[in-house]
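Worksheet for the structure shown next.
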Amino acid sequence: MGHDGGSLLTATLSVTDEHSSVTQVLEVESALTQALPVPDLLLGGSVLLLVVMFHAFWIRVITNEFFKREEIVKSRAWTGYADTWFALLICMLLTLHLGEVLIWTATLVASGIVSDWAKAAYFAANSYTALGEPFPLPHSWRLVAPIMAISGIFTFAWTASILVDFVKRYNDVRAAQLEQHRHKHSS
């Protein structure tokens, strides 16, 4: 069994036969590292926490910006203003998620799990969106991809819950604009 830089333990076994004494070094995976692969749990868990906190910060910024602009947009007569405002909001949310993929990409490269930035970005995007691993990671890092997917599930669910409220408010803004437009042209 080859050593892949992970959680393998080394054991020494002495074998003696009638012709010679041979010492062999065997690499064995301990039961503990099989059940609880500490390096990938620590790395993955730490980055998951970072990604979720990064998401929390930027969701708060985006939400505050949305609420600040809501009344301004309602007062605009041009209905395209609300559409543009909503499209920019979607772009901000997309950029946020791409930033989170970048965090995972940098983690994969900085930790030496994946050496190429393009491959790391492809892996991170696939795993973060829970599409699956496009290629296997070294065995000792086998839990990083599922942890990456969990972070994506958490953050996408959070974004979706906020987006439901944004869509409702967007529809309310559009309705108010249309009502202003009807009122203005019926007078």
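Letters A, B, ... go to the chains of the structure tokens in the order shown; residues in each chain start at 1; ligands are counted from 1 in the same order.
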(message) Please list as a list of chain:residue names every residue within 12 Å of range 77-83 of chain A, counting only C-alpha atoms and excluding residues in the same chain fewer than 6 positions away.
(response)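 Listing them by chain and then by number gives A:Phe66, A:Arg69, A:Glu70, A:Glu71, A:Leu89, A:Ile90, A:Phe166, A:Val167, A:Arg169, A:Tyr170, A:Asn171, A:Asp172, A:Val173, A:Arg174, A:Ala175, A:Ala176, A:Gln177, A:Leu178, A:Glu179, A:Gln180, A:His181, A:Arg182, A:His183, A:Lys184, A:His185.
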(request) Within 10 Å of Ala121 in chain A, counting only C-alpha atoms, which residues show up once you throw out same-chain ones fewer than 3 positions away? Write them as a VMD selection string, please. (result) chain A and resid 98 101 to 106 108 to 109 114 116 to 118 124 to 127
Skip Thr107 in chain A itself and residues of its chain fewer than 6 positions away, then list as a compact mmCIF listing (two decimals) with all heavy atoms, in the first residue's frame all residues within 9 Å of it, counting only C-alpha atoms.
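Below is the file selection.txt, written as the result:
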# COMPACT_ATOMS: atom_id res chain seq x y z
N LEU A 43 -9.29 20.14 8.28
CA LEU A 43 -9.20 21.07 7.15
C LEU A 43 -10.59 21.40 6.61
O LEU A 43 -10.97 22.56 6.48
CB LEU A 43 -8.32 20.50 6.03
CG LEU A 43 -8.22 21.38 4.79
CD1 LEU A 43 -7.39 22.62 5.09
CD2 LEU A 43 -7.65 20.61 3.62
N VAL A 47 -12.54 25.06 6.90
CA VAL A 47 -12.90 25.83 5.70
C VAL A 47 -14.42 25.95 5.58
O VAL A 47 -14.92 27.01 5.18
CB VAL A 47 -12.25 25.24 4.44
CG1 VAL A 47 -12.66 26.02 3.19
CG2 VAL A 47 -10.74 25.24 4.58
N ILE A 113 -3.39 19.48 -1.97
CA ILE A 113 -4.29 18.37 -2.34
C ILE A 113 -4.43 18.30 -3.85
O ILE A 113 -4.43 17.23 -4.45
CB ILE A 113 -5.66 18.53 -1.64
CG1 ILE A 113 -5.49 18.46 -0.12
CG2 ILE A 113 -6.63 17.46 -2.12
CD1 ILE A 113 -6.75 18.79 0.66
N ALA A 120 -8.25 22.49 -9.55
CA ALA A 120 -8.79 22.73 -8.21
C ALA A 120 -10.11 23.50 -8.29
O ALA A 120 -11.06 23.18 -7.57
CB ALA A 120 -7.78 23.49 -7.35
(message) Taking the DSSP secondary structure from the backbone, can you list the residues of chain A that are alpha helix (DSSP H), as an NGL selection string?
(response) :A and (31-35 or 38-75 or 80-110 or 117-128 or 144-186)
(message) Rounded to one decimal, what separation in Å do you get between CA of Leu94 in chain A and CA of Ala157 in chain A?
(response)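 Distance between the two atoms: 13.5 Å.
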(request) Can you work out which one of A:Arg142, A:Met92, A:Ile147, A:Asn64 has the shortest atom-to-atom distance to Thr129 in chain A, counting only C-alpha atoms? (result)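 Using only C-alpha atoms, the shortest distance to Thr129 in chain A belongs to A:Ile147.
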(request) Taking the chain letters and numbering used in this document, name the residues of chain A that DSSP puts in strand (DSSP E or B), as number ranges by chain. (result) A: 8-16, 21-29
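Closest to Ala56 in chain A among A:Ser111, A:His97, A:Asp165, A:Ser75 is A:His97, based on only C-alpha atoms.
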(message) Applying 12 Å and only C-alpha atoms, which residues near Phe154 in chain A remain after dropping the ones on its own chain fewer than 3 positions away? List them as a ChimeraX atom specification.
(response) /A:48-49,51-53,55-56,97,100,128-130,147-151,157-161
